[in-house]
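Structure data follow from start-v2.txt (compact mmCIF, C-alpha atoms):
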```
# COMPACT_ATOMS: atom_id res chain seq x y z
CA MET D 54 -36.09 9.46 5.60
CA ASP D 55 -36.18 5.81 6.71
CA LYS D 56 -35.96 2.81 4.40
CA THR D 57 -39.67 2.06 4.60
CA THR D 58 -40.48 5.54 3.27
CA LEU D 59 -37.80 5.21 0.62
CA GLU D 60 -39.19 1.89 -0.60
CA ALA D 61 -42.64 3.50 -0.81
CA LEU D 62 -41.16 6.31 -2.93
CA GLU D 63 -39.46 3.69 -5.12
CA THR D 64 -42.89 2.19 -5.81
CA ALA D 65 -44.28 5.64 -6.53
CA ILE D 66 -41.54 6.46 -9.05
CA GLN D 67 -42.37 3.29 -10.98
CA ALA D 68 -45.91 4.56 -11.33
CA SER D 69 -44.72 8.06 -12.25
CA PRO D 70 -41.36 7.64 -14.05
CA ASN D 71 -41.26 11.23 -15.39
CA ASN D 72 -41.44 12.82 -11.94
CA SER D 73 -37.87 14.14 -11.83
CA ILE D 74 -38.19 15.76 -8.38
CA LEU D 75 -39.32 12.45 -6.87
CA ARG D 76 -36.57 10.52 -8.67
CA VAL D 77 -33.90 12.85 -7.27
CA GLN D 78 -35.21 12.18 -3.75
CA VAL D 79 -35.15 8.42 -4.36
CA ALA D 80 -31.65 8.50 -5.86
CA LYS D 81 -30.19 10.54 -2.98
CA GLY D 82 -32.06 8.38 -0.49
CA TRP D 83 -30.47 5.20 -1.77
CA PHE D 84 -27.10 6.98 -1.90
CA SER D 85 -27.38 8.00 1.76
CA PHE D 86 -28.09 4.38 2.75
CA GLY D 87 -25.04 3.14 0.82
CA GLU D 88 -27.18 1.40 -1.81
CA TYR D 89 -24.96 2.71 -4.59
CA ASP D 90 -26.14 0.30 -7.31
CA LYS D 91 -29.74 1.43 -6.88
CA ALA D 92 -28.75 5.09 -6.63
CA LYS D 93 -26.60 4.77 -9.76
CA GLU D 94 -29.51 3.65 -11.95
CA HIS D 95 -31.68 6.58 -10.87
CA PHE D 96 -28.90 9.15 -11.35
CA LYS D 97 -28.28 7.80 -14.88
CA ILE D 98 -31.95 8.38 -15.77
CA ILE D 99 -31.85 11.90 -14.27
CA ILE D 100 -28.78 12.78 -16.34
CA GLN D 101 -30.35 11.45 -19.54
CA LYS D 102 -33.41 13.65 -19.06
CA GLU D 103 -32.03 16.69 -17.27
CA GLY D 104 -28.21 16.74 -17.68
CA ASP D 105 -28.06 17.79 -14.03
CA LEU D 106 -24.55 18.63 -12.68
CA ASP D 107 -25.30 17.47 -9.15
CA ALA D 108 -26.59 14.14 -10.51
CA LYS D 109 -23.37 13.70 -12.54
CA ILE D 110 -21.26 14.27 -9.43
CA HIS D 111 -23.34 11.81 -7.43
CA LEU D 112 -23.10 9.24 -10.24
CA ALA D 113 -19.29 9.56 -10.26
CA LYS D 114 -19.33 9.07 -6.49
CA CYS D 115 -21.41 5.91 -6.93
CA TYR D 116 -18.83 4.51 -9.34
CA TYR D 117 -16.10 5.37 -6.81
CA GLN D 118 -17.91 3.50 -4.04
CA LEU D 119 -18.57 0.53 -6.34
CA ASP D 120 -14.85 0.29 -7.28
CA ASN D 121 -15.76 0.88 -10.94
CA CYS D 122 -13.47 3.84 -11.43
CA SER D 123 -13.24 4.22 -15.23
CA PRO D 124 -16.81 5.53 -15.78
CA GLY D 125 -16.38 7.87 -12.82
CA ILE D 126 -13.14 9.24 -14.27
CA ILE D 127 -14.84 9.89 -17.63
CA ILE D 128 -17.71 11.74 -15.93
CA CYS D 129 -15.30 13.94 -13.95
CA GLU D 130 -13.28 14.76 -17.08
CA GLU D 131 -16.48 15.82 -18.88
CA ILE D 132 -17.46 18.10 -15.99
CA LEU D 133 -13.98 19.61 -15.69
CA GLU D 134 -13.96 20.57 -19.37
CA SER D 135 -16.54 23.27 -18.62
CA ALA D 136 -16.40 23.85 -14.85
CA LYS D 137 -13.53 23.53 -12.38
CA VAL D 138 -15.59 22.53 -9.34
CA ASP D 139 -13.49 21.87 -6.20
CA GLU D 140 -15.55 18.82 -5.26
CA VAL D 141 -15.01 17.33 -8.72
CA LEU D 142 -11.28 18.11 -8.72
CA LYS D 143 -10.84 16.12 -5.53
CA LEU D 144 -13.14 13.29 -6.65
CA TYR D 145 -11.26 13.02 -9.95
CA ILE D 146 -7.89 12.62 -8.21
CA GLU D 147 -9.36 10.11 -5.74
CA LEU D 148 -10.77 8.04 -8.61
CA LEU D 149 -7.37 7.99 -10.33
CA ILE D 150 -5.68 6.87 -7.12
CA LYS D 151 -8.24 4.13 -6.49
CA ASP D 152 -7.86 2.98 -10.11
CA GLY D 153 -4.12 2.51 -9.57
CA GLN D 154 -3.14 5.48 -11.77
CA THR D 155 -1.04 7.15 -9.09
CA GLY D 156 1.41 8.70 -11.54
CA GLU D 157 -1.44 10.26 -13.54
CA ALA D 158 -3.02 11.46 -10.28
CA VAL D 159 0.19 13.23 -9.27
CA GLU D 160 0.52 14.86 -12.70
CA ARG D 161 -3.09 16.05 -12.80
CA TYR D 162 -2.96 17.28 -9.20
CA GLN D 163 0.14 19.36 -9.96
CA GLU D 164 -1.56 20.81 -13.06
CA PHE D 165 -4.58 21.88 -10.99
CA GLN D 166 -2.26 23.33 -8.37
CA GLU D 167 -0.39 25.38 -10.96
CA GLU D 168 -3.37 26.49 -13.08
CA LEU D 169 -5.98 27.03 -10.37
CA ASN D 170 -3.88 27.59 -7.25
CA TRP D 171 -5.85 24.67 -5.82
CA PHE D 172 -4.56 22.19 -3.28
CA ASP D 173 -5.91 19.61 -0.87
CA GLU D 174 -3.86 18.53 2.14
CA SER D 175 -5.38 15.03 2.39
CA LEU D 176 -4.60 14.33 -1.28
CA GLU D 177 -1.03 15.58 -0.89
CA ARG D 178 -0.56 13.12 1.94
CA GLN D 179 -1.97 10.27 -0.15
CA LEU D 180 0.17 11.18 -3.14
CA LYS D 181 3.22 11.96 -0.98
CA ILE D 182 4.24 14.85 -3.24
CA PRO D 183 7.64 15.96 -1.96
CA VAL D 184 8.38 19.15 -3.88
CA GLN D 185 6.92 21.09 -6.77
CA ALA D 186 7.56 19.64 -10.23
CA GLY D 187 10.97 20.57 -11.63
CA ASP D 188 12.42 21.44 -8.19
CA TYR D 189 14.48 18.31 -7.70
CA GLU D 190 17.82 20.14 -7.72
CA ASN D 191 16.76 22.77 -5.21
CA GLU D 192 18.79 21.81 -2.15
CA SER D 193 17.02 24.45 -0.06
CA ALA D 194 13.61 22.85 -0.62
CA SER D 195 11.90 22.66 2.76
CA ASP D 196 11.69 19.21 4.29
CA ASP D 197 8.43 20.36 5.87
CA ASP D 198 6.91 19.67 2.43
CA ILE D 199 7.77 15.98 2.75
CA PHE D 200 5.27 13.59 4.22
CA PHE D 201 7.20 11.71 6.89
CA GLU D 202 5.49 9.09 8.97
CA LYS D 203 6.19 8.66 12.67
CA PRO D 204 4.95 5.10 13.13
CA ASP D 205 3.19 4.42 16.43
CA LEU D 206 4.09 0.71 16.38
CA ASN D 207 7.28 -1.11 17.29
CA PHE D 208 8.59 -4.68 17.48
CA SER D 209 6.34 -5.49 20.44
CA GLY D 210 3.40 -5.23 18.04
CA VAL D 211 4.96 -7.64 15.52
CA GLY D 212 4.00 -11.25 16.19
CA GLY D 213 6.74 -13.79 15.47
CA MET D 214 9.42 -12.92 12.88
CA GLU D 215 12.10 -13.16 15.60
CA ASN D 216 14.93 -13.84 13.14
CA VAL D 217 13.99 -10.81 11.08
CA LYS D 218 13.78 -8.58 14.15
CA GLU D 219 17.13 -9.81 15.47
CA GLU D 220 18.90 -9.06 12.17
CA ILE D 221 17.44 -5.54 12.16
CA ARG D 222 18.45 -5.02 15.79
CA ILE D 223 22.08 -5.90 15.03
CA LYS D 224 22.26 -3.96 11.78
CA ILE D 225 20.22 -0.88 12.64
CA ILE D 226 19.02 -0.51 16.22
CA GLN D 227 22.10 -1.44 18.26
CA PRO D 228 24.50 0.89 16.36
CA LEU D 229 22.16 3.77 17.21
CA THR D 230 21.78 2.87 20.89
CA ASN D 231 25.46 1.91 21.42
CA PRO D 232 27.37 4.11 18.94
CA GLU D 233 30.72 4.15 20.81
CA LEU D 234 30.84 0.36 21.09
CA PHE D 235 30.15 -0.11 17.40
CA LYS D 236 32.65 2.59 16.36
CA ALA D 237 35.33 0.70 18.29
CA PHE D 238 34.76 -2.16 15.87
CA GLY D 239 34.61 0.14 12.83
CA LYS D 240 30.82 -0.02 12.52
CA THR D 241 28.50 2.94 12.06
CA ALA D 242 24.73 3.33 12.12
CA GLY D 243 23.14 2.95 8.73
CA GLY D 244 23.32 0.64 5.78
CA GLY D 245 20.85 -1.52 3.94
CA ILE D 246 18.71 -4.56 4.54
CA LEU D 247 16.76 -6.34 1.81
CA MET D 248 13.69 -8.28 2.92
CA TYR D 249 12.26 -10.85 0.53
CA GLY D 250 9.48 -13.38 0.65
CA PRO D 251 5.92 -14.07 -0.52
CA PRO D 252 3.55 -11.09 -0.78
CA GLY D 253 1.35 -10.12 2.14
CA CYS D 254 3.68 -11.42 4.88
CA GLY D 255 4.47 -8.16 6.64
CA LYS D 256 7.57 -6.73 4.99
CA THR D 257 6.14 -3.19 4.93
CA TYR D 258 4.75 -3.63 8.44
CA ILE D 259 8.12 -4.55 9.93
CA ALA D 260 9.79 -1.66 8.10
CA LYS D 261 7.42 0.75 9.87
CA ALA D 262 7.95 -1.08 13.17
CA THR D 263 11.71 -0.56 12.75
CA ALA D 264 11.19 3.20 12.50
CA GLY D 265 8.94 3.08 15.57
CA GLU D 266 11.49 1.03 17.50
CA ILE D 267 14.15 3.74 17.13
CA ASN D 268 11.68 6.66 17.16
CA SER D 269 12.89 7.84 13.77
CA LYS D 270 11.17 9.30 10.74
CA PHE D 271 9.89 6.90 8.09
CA LEU D 272 9.94 7.80 4.41
CA SER D 273 8.35 5.29 2.05
CA VAL D 274 9.37 5.57 -1.61
CA GLY D 275 7.11 4.14 -4.30
CA LEU D 276 8.04 3.43 -7.90
CA GLU D 277 5.75 6.20 -9.15
CA GLU D 278 7.67 8.75 -7.04
CA VAL D 279 10.94 7.95 -8.80
CA LEU D 280 10.22 7.16 -12.43
CA ASP D 281 9.87 10.04 -14.88
CA MET D 282 9.43 10.03 -18.64
CA TYR D 283 12.14 12.66 -19.20
CA ILE D 284 15.78 11.55 -19.41
CA GLY D 285 17.69 12.22 -16.20
CA ASN D 286 14.70 13.15 -14.06
CA SER D 287 14.36 9.70 -12.50
CA GLU D 288 17.94 9.87 -11.27
CA LYS D 289 17.31 13.37 -9.86
CA ARG D 290 14.19 12.21 -8.05
CA LEU D 291 16.00 9.25 -6.50
CA HIS D 292 18.90 11.47 -5.42
CA GLU D 293 16.49 13.92 -3.79
CA LYS D 294 14.89 11.13 -1.75
CA PHE D 295 18.28 10.13 -0.37
CA GLU D 296 19.20 13.76 0.31
CA ILE D 297 15.98 14.28 2.27
CA ALA D 298 16.73 11.19 4.37
CA ARG D 299 20.32 12.35 4.98
CA ARG D 300 19.11 15.76 6.19
CA ASN D 301 16.65 14.12 8.56
CA ASN D 302 18.64 11.26 10.06
CA PRO D 303 18.03 8.99 11.79
CA CYS D 304 15.56 8.10 9.07
CA VAL D 305 14.26 4.81 7.72
CA LEU D 306 14.15 5.07 3.92
CA PHE D 307 11.91 2.27 2.66
CA PHE D 308 11.72 1.05 -0.94
CA ASP D 309 8.80 -1.26 -1.57
CA GLU D 310 9.00 -3.52 -4.65
CA VAL D 311 12.62 -2.42 -4.94
CA ASP D 312 13.24 -4.93 -7.76
CA ALA D 313 11.27 -2.57 -10.05
CA VAL D 314 14.01 0.06 -9.60
CA GLY D 315 16.90 -2.36 -9.13
CA SER D 316 16.23 -5.02 -11.77
CA LYS D 317 19.06 -6.75 -13.62
CA ARG D 318 20.78 -4.37 -15.99
CA SER D 319 21.31 -7.20 -18.48
CA ASP D 320 17.51 -7.44 -18.84
CA LEU D 321 17.10 -3.75 -19.72
CA ARG D 322 17.09 -2.65 -23.34
CA GLN D 323 17.06 1.11 -22.73
CA SER D 324 19.98 2.99 -21.24
CA GLY D 325 17.64 5.07 -19.04
CA GLY D 326 16.86 2.09 -16.84
CA ARG D 327 20.55 1.20 -16.51
CA ASN D 328 21.38 4.81 -15.59
CA LEU D 329 18.78 4.75 -12.82
CA ILE D 330 20.26 1.54 -11.40
CA ASN D 331 23.75 3.05 -11.50
CA GLN D 332 22.44 6.10 -9.64
CA PHE D 333 20.78 3.85 -7.02
CA LEU D 334 24.07 2.00 -6.45
CA LYS D 335 25.89 5.31 -6.15
CA GLU D 336 23.44 6.52 -3.50
CA LEU D 337 23.74 3.27 -1.54
CA ASP D 338 27.55 3.59 -1.58
CA GLY D 339 27.33 7.17 -0.31
CA VAL D 340 29.83 8.31 -2.95
CA ASP D 341 28.93 12.02 -2.78
CA ALA D 342 27.46 12.09 0.76
CA GLN D 343 27.60 10.00 3.92
CA ASN D 344 24.70 7.69 4.67
CA GLU D 345 25.36 7.44 8.40
CA GLY D 346 22.02 7.40 10.19
CA VAL D 347 20.16 6.60 6.98
CA LEU D 348 18.62 3.18 7.41
CA ILE D 349 17.73 1.76 4.00
CA LEU D 350 15.18 -1.04 3.89
CA GLY D 351 14.11 -2.69 0.66
CA ALA D 352 11.30 -5.19 0.14
CA THR D 353 10.78 -7.47 -2.83
CA ASN D 354 8.78 -10.52 -3.77
CA SER D 355 11.27 -11.35 -6.53
CA PRO D 356 14.90 -11.20 -5.31
CA TRP D 357 15.94 -13.23 -8.37
CA HIS D 358 15.14 -10.18 -10.52
CA MET D 359 17.52 -7.94 -8.55
CA ASP D 360 20.83 -6.92 -10.08
CA SER D 361 23.58 -8.77 -8.21
CA ALA D 362 25.44 -5.49 -7.63
CA PHE D 363 22.80 -4.54 -5.04
CA LEU D 364 23.68 -7.58 -2.94
CA ARG D 365 27.34 -6.73 -2.44
CA PRO D 366 28.72 -5.68 0.99
CA GLY D 367 27.97 -2.06 1.85
CA ARG D 368 24.73 -1.99 -0.12
CA PHE D 369 21.94 -4.42 0.74
CA ASP D 370 24.45 -6.49 2.66
CA ARG D 371 21.88 -8.24 4.86
CA ILE D 372 19.36 -10.33 2.95
CA ILE D 373 16.49 -11.50 5.16
CA PHE D 374 13.83 -14.05 4.26
CA VAL D 375 10.37 -13.06 5.58
CA PRO D 376 8.31 -16.27 5.61
CA PRO D 377 4.56 -16.63 6.09
CA PRO D 378 3.56 -16.17 9.75
CA ASP D 379 4.00 -19.19 12.02
CA GLN D 380 1.14 -20.55 14.14
CA PRO D 381 1.52 -18.16 17.14
CA SER D 382 1.77 -15.23 14.71
CA ARG D 383 -1.34 -16.37 12.84
CA LYS D 384 -3.26 -16.49 16.12
CA THR D 385 -2.10 -12.94 16.91
CA ILE D 386 -3.20 -11.72 13.46
CA LEU D 387 -6.58 -13.45 13.81
CA ASP D 388 -7.13 -11.89 17.25
CA LEU D 389 -6.18 -8.48 15.89
CA HIS D 390 -8.58 -8.55 12.93
CA LEU D 391 -11.46 -9.97 14.99
CA GLN D 392 -11.20 -7.62 17.95
CA ASP D 393 -13.57 -4.96 16.57
CA LYS D 394 -16.08 -7.38 15.04
CA PRO D 395 -19.07 -9.13 16.67
CA THR D 396 -17.92 -12.66 17.57
CA VAL D 397 -18.97 -15.53 19.80
CA ASP D 398 -17.04 -18.69 20.74
CA VAL D 399 -14.23 -18.13 18.22
CA ASP D 400 -11.29 -20.49 18.82
CA THR D 401 -8.41 -18.60 17.17
CA GLU D 402 -5.93 -21.24 18.37
CA LYS D 403 -7.69 -23.91 16.31
CA LEU D 404 -8.06 -21.53 13.37
CA ALA D 405 -4.34 -20.80 13.48
CA GLN D 406 -3.67 -24.55 13.16
CA LYS D 407 -5.93 -24.74 10.08
CA THR D 408 -4.32 -21.81 8.26
CA ASP D 409 -0.79 -23.10 7.73
CA GLY D 410 0.88 -21.27 4.83
CA PHE D 411 -1.54 -18.33 4.98
CA SER D 412 -0.02 -14.87 4.68
CA GLY D 413 -1.22 -11.99 6.86
CA ALA D 414 -3.14 -10.69 3.85
CA ASP D 415 -4.78 -14.12 3.37
CA ILE D 416 -5.93 -14.09 6.99
CA LYS D 417 -7.40 -10.62 6.58
CA LEU D 418 -9.27 -11.83 3.49
CA LEU D 419 -10.56 -14.81 5.48
CA ILE D 420 -11.97 -12.50 8.19
CA ASP D 421 -13.45 -10.09 5.62
CA MET D 422 -15.24 -12.92 3.79
CA ALA D 423 -16.72 -14.24 7.04
CA ALA D 424 -17.77 -10.71 8.04
CA GLU D 425 -19.48 -10.14 4.68
CA GLU D 426 -21.40 -13.41 4.95
CA ASN D 427 -22.57 -12.61 8.48
CA LEU D 428 -23.50 -9.10 7.39
CA ARG D 429 -25.83 -10.65 4.80
CA LYS D 430 -27.36 -12.88 7.47
CA SER D 431 -27.81 -9.87 9.76
CA MET D 432 -29.58 -7.87 7.04
CA LYS D 433 -32.01 -10.74 6.51
CA SER D 434 -32.68 -11.41 10.20
CA GLY D 435 -32.72 -7.76 11.27
CA LYS D 436 -30.28 -8.37 14.13
CA ILE D 437 -26.52 -8.76 14.60
CA GLU D 438 -25.37 -12.26 13.68
CA PRO D 439 -21.95 -12.67 15.35
CA ILE D 440 -19.08 -14.50 13.66
CA THR D 441 -18.42 -17.99 15.03
CA SER D 442 -15.63 -20.54 14.65
CA LYS D 443 -17.93 -22.55 12.39
CA ASP D 444 -18.37 -19.54 10.06
CA LEU D 445 -14.61 -19.05 9.84
CA MET D 446 -13.92 -22.75 9.29
CA GLN D 447 -16.31 -22.76 6.35
CA VAL D 448 -14.47 -19.83 4.79
CA VAL D 449 -11.07 -21.46 5.37
CA LYS D 450 -12.12 -24.19 2.92
CA LYS D 451 -12.69 -21.53 0.22
CA VAL D 452 -9.44 -19.57 0.63
CA ARG D 453 -6.29 -20.92 -1.01
CA PRO D 454 -3.04 -19.59 0.50
CA SER D 455 -1.60 -17.04 -1.91
CA THR D 456 1.93 -18.04 -0.84
CA LYS D 457 1.79 -21.42 -2.64
CA GLU D 458 2.34 -19.92 -6.08
CA TRP D 459 5.28 -17.88 -4.80
CA PHE D 460 6.93 -20.93 -3.24
CA ASN D 461 6.49 -22.91 -6.47
CA THR D 462 8.64 -20.29 -8.22
CA ALA D 463 11.05 -19.75 -5.31
CA ARG D 464 11.67 -23.48 -4.96
CA ASN D 465 13.15 -23.68 -8.46
CA TYR D 466 15.54 -20.79 -7.80
CA ALA D 467 16.51 -22.24 -4.41
CA LEU D 468 17.29 -25.65 -5.94
CA TYR D 469 18.95 -24.66 -9.20
CA SER D 470 20.22 -21.04 -8.90
CA ASN D 471 21.61 -20.88 -5.40
CA SER D 472 25.37 -20.95 -5.81
CA SER D 473 25.74 -17.96 -3.46
CA GLY D 474 23.54 -19.53 -0.79
CA LEU D 475 21.10 -16.61 -1.03
CA TYR D 476 18.07 -18.91 -0.93
CA ASP D 477 19.21 -21.30 1.80
CA ASP D 478 16.44 -20.02 4.07
CA ILE D 479 13.84 -21.03 1.48
CA LEU D 480 15.28 -24.55 1.36
CA LYS D 481 15.22 -24.69 5.15
CA TYR D 482 11.63 -23.46 5.29
CA LEU D 483 10.53 -26.03 2.69
CA ASP D 484 12.63 -28.72 4.44
CA LEU D 485 14.45 -29.60 1.21
```

Show me, as structure tokens, the structure contained in the file I just sent.
Amino acid sequence: MDKTTLEALETAIQASPNNSILRVQVAKGWFSFGEYDKAKEHFKIIIQKEGDLDAKIHLAKCYYQLDNCSPGIIICEEILESAKVDEVLKLYIELLIKDGQTGEAVERYQEFQEELNWFDESLERQLKIPVQAGDYENESASDDDIFFEKPDLNFSGVGGMENVKEEIRIKIIQPLTNPELFKAFGKTAGGGILMYGPPGCGKTYIAKATAGEINSKFLSVGLEEVLDMYIGNSEKRLHEKFEIARRNNPCVLFFDEVDAVGSKRSDLRQSGGRNLINQFLKELDGVDAQNEGVLILGATNSPWHMDSAFLRPGRFDRIIFVPPPDQPSRKTILDLHLQDKPTVDVDTEKLAQKTDGFSGADIKLLIDMAAEENLRKSMKSGKIEPITSKDLMQVVKKVRPSTKEWFNTARNYALYSNSSGLYDDILKYLDL
């Protein structure tokens, strides 16, 4: 069915609103063309009149595509009360993930797995479920159940950030490639590096590139994979992550937003949070097991919220500032994001000059906004309208660098809470 036919059917359904067979065709037609708003309205009418299961599933899918997850979640829960349909089980978990309820998604997925013997490999990879619930102390748990990444990028694919790469080479890469030389000076492979800076500037990207540079496994640990409502379980989960990395060295163990797990103990009211921090420090010290070959990278936007104990030698003993990309790096990022899009006469060198202070995420947003605007033009003209420098320059005026707010906060810490010299790089960057 082409769009012309579909529009004719849309006119027909207005003349015959009670024709349910015709309305189903129209609804599915709009759905197939990605016109989810139009499809949604028709499916809602079908459900009101017929209570059709297929229409409910399609409506939930519309909400998923429209990034309006809450109504879709409610629909799936209503369906699952009476029928455990595989398609709905998966859609329900995907809606929870997209809505940011990763912890709830993990819990519900494990319930379905236990009750229905149901599993989905793609969801397990998204949720990064390491072992079955309650199995944290099982030392014989197979590491095949862990989702390790083997990044296909290395430092050659990271534009700029030379200071960051050099620190990682000295701390992590060289001890692995020249072990005898480093042992002569009492140095072993492993240890921790904390990267800090404004959001969207490539901290996660360079962590993956580090794993690719040494051809090691990469295990990313999110907050939702550690925290547990039951006393003691969070510490067990954290210990298991370290044990997995130790059994699979060399391994890059990456903690994103590490300040959420390693916040200042003086700021915590409950003992559970302090116990988790103590466990984290114990794992970093390698008290019960050696961390040789375990390369621990942490990333945070708020180093001032970290407990000072994490910054002592032997733990996160290299603290690296990851600034917004410089001009050559911005040009590289622009070229990368534009390479698969229709363009004509785009001067990325000039654009790089006009985007000072932009993070990598800001640049991606800039490209996406220009692409969306040209997509609208293309839909109106009926032909591809390529992105030009003029289009991008117009969008640059609308995008405010997200790093400015971060630097406003960081500047105060660098000026007034910098007795240890931790924030000297911020002062240097701001030329203060």

*asked:* Given all atoms listed in the file as the basis, pick out the residue of D:Leu337, D:Leu229, D:Leu149, D:Ala414 nearest to Cys254 (chain D).
replied: D:Ala414

Which centre and edge lengths in Å to one decimal define the box along x, y and z that fits every listed atom of region 435-452 of chain D plus 3 Å per side, as JSON?
```
{"center_x": -21.1, "center_y": -16.0, "center_z": 7.8, "size_x": 29.3, "size_y": 22.4, "size_z": 21.1}
```

*asked:* What does the structure give for the distance between CA of Phe411 (chain D) and CA of Ile386 (chain D), in Å to one decimal?
replied: 10.9 Å

*Find the residues with any atom within 7 Å of (-17.9, 7.2, -9.8); use only C-alpha atoms and the coordinates as given in the file, and write the answer as a ChimeraX atom specification.*
/D:112-118,121-122,124-126

_So that I can check the surroundings of Trp83 (chain D), please list as number ranges by chain every protein, DNA and RNA residue that reaches within 10 Å of it, counting all atoms listed in the file and ignoring chain neighbours fewer than 3 positions away._
D: 56, 59-60, 63, 78-80, 86-93, 95

Near region 295-304 of chain D, within 7 Å and counting all atoms listed in the file, which residues show up once chain neighbours fewer than 5 positions away are dropped, as a tab-separated table (two decimals) with C-alpha atoms, in the coordinates of the input?
```
chain	number	residue	atom	x	y	z
D	196	ASP	CA	11.69	19.21	4.29
D	269	SER	CA	12.89	7.84	13.77
D	270	LYS	CA	11.17	9.30	10.74
D	271	PHE	CA	9.89	6.90	8.09
D	344	ASN	CA	24.70	7.69	4.67
D	346	GLY	CA	22.02	7.40	10.19
D	347	VAL	CA	20.16	6.60	6.98
D	348	LEU	CA	18.62	3.18	7.41
```

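You will find CA of Gln332 (chain D) at 6.1 Å from CA of Glu288 (chain D).
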
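Counting from CA of Trp171 (chain D), the distance to CA of Asp139 (chain D) is 8.1 Å.
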
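Proximity ranking of D:Phe333, D:Asp477, D:Ala262, D:Thr396 relative to Ser209 (chain D) places D:Ala262 first, based on only C-alpha atoms.
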
*Which one of D:Ile420, D:Ala313, D:Met432, D:Ile372 sits closest to Leu391 (chain D) if you count all atoms listed in the file?*
D:Ile420

Residue rebuild result region 379-390 of chain D, N, CA and C atoms as an mmCIF file, keeping the file's coordinate frame:
```
data_model
loop_
_atom_site.group_PDB
_atom_site.id
_atom_site.type_symbol
_atom_site.label_atom_id
_atom_site.label_comp_id
_atom_site.auth_asym_id
_atom_site.auth_seq_id
_atom_site.Cartn_x
_atom_site.Cartn_y
_atom_site.Cartn_z
ATOM 1 N N ASP D 379 4.127 -17.881 11.390
ATOM 2 C CA ASP D 379 4.000 -19.190 12.020
ATOM 3 C C ASP D 379 2.687 -19.242 12.820
ATOM 4 N N GLN D 380 2.435 -20.373 13.475
ATOM 5 C CA GLN D 380 1.140 -20.550 14.140
ATOM 6 C C GLN D 380 0.862 -19.500 15.214
ATOM 7 N N PRO D 381 1.795 -19.204 16.148
ATOM 8 C CA PRO D 381 1.520 -18.160 17.140
ATOM 9 C C PRO D 381 1.242 -16.796 16.486
ATOM 10 N N SER D 382 1.982 -16.513 15.403
ATOM 11 C CA SER D 382 1.770 -15.230 14.710
ATOM 12 C C SER D 382 0.406 -15.198 14.039
ATOM 13 N N ARG D 383 -0.020 -16.334 13.475
ATOM 14 C CA ARG D 383 -1.340 -16.370 12.840
ATOM 15 C C ARG D 383 -2.442 -16.147 13.872
ATOM 16 N N LYS D 384 -2.276 -16.713 15.063
ATOM 17 C CA LYS D 384 -3.260 -16.490 16.120
ATOM 18 C C LYS D 384 -3.325 -15.009 16.492
ATOM 19 N N THR D 385 -2.145 -14.367 16.591
ATOM 20 C CA THR D 385 -2.100 -12.940 16.910
ATOM 21 C C THR D 385 -2.811 -12.113 15.840
ATOM 22 N N ILE D 386 -2.571 -12.453 14.574
ATOM 23 C CA ILE D 386 -3.200 -11.720 13.460
ATOM 24 C C ILE D 386 -4.712 -11.924 13.474
ATOM 25 N N LEU D 387 -5.136 -13.157 13.730
ATOM 26 C CA LEU D 387 -6.580 -13.450 13.810
ATOM 27 C C LEU D 387 -7.227 -12.650 14.935
ATOM 28 N N ASP D 388 -6.596 -12.644 16.105
ATOM 29 C CA ASP D 388 -7.130 -11.890 17.250
ATOM 30 C C ASP D 388 -7.226 -10.399 16.914
ATOM 31 N N LEU D 389 -6.212 -9.901 16.228
ATOM 32 C CA LEU D 389 -6.180 -8.480 15.890
ATOM 33 C C LEU D 389 -7.328 -8.090 14.955
ATOM 34 N N HIS D 390 -7.546 -8.894 13.917
ATOM 35 C CA HIS D 390 -8.580 -8.550 12.930
ATOM 36 C C HIS D 390 -9.992 -8.827 13.436
#
```
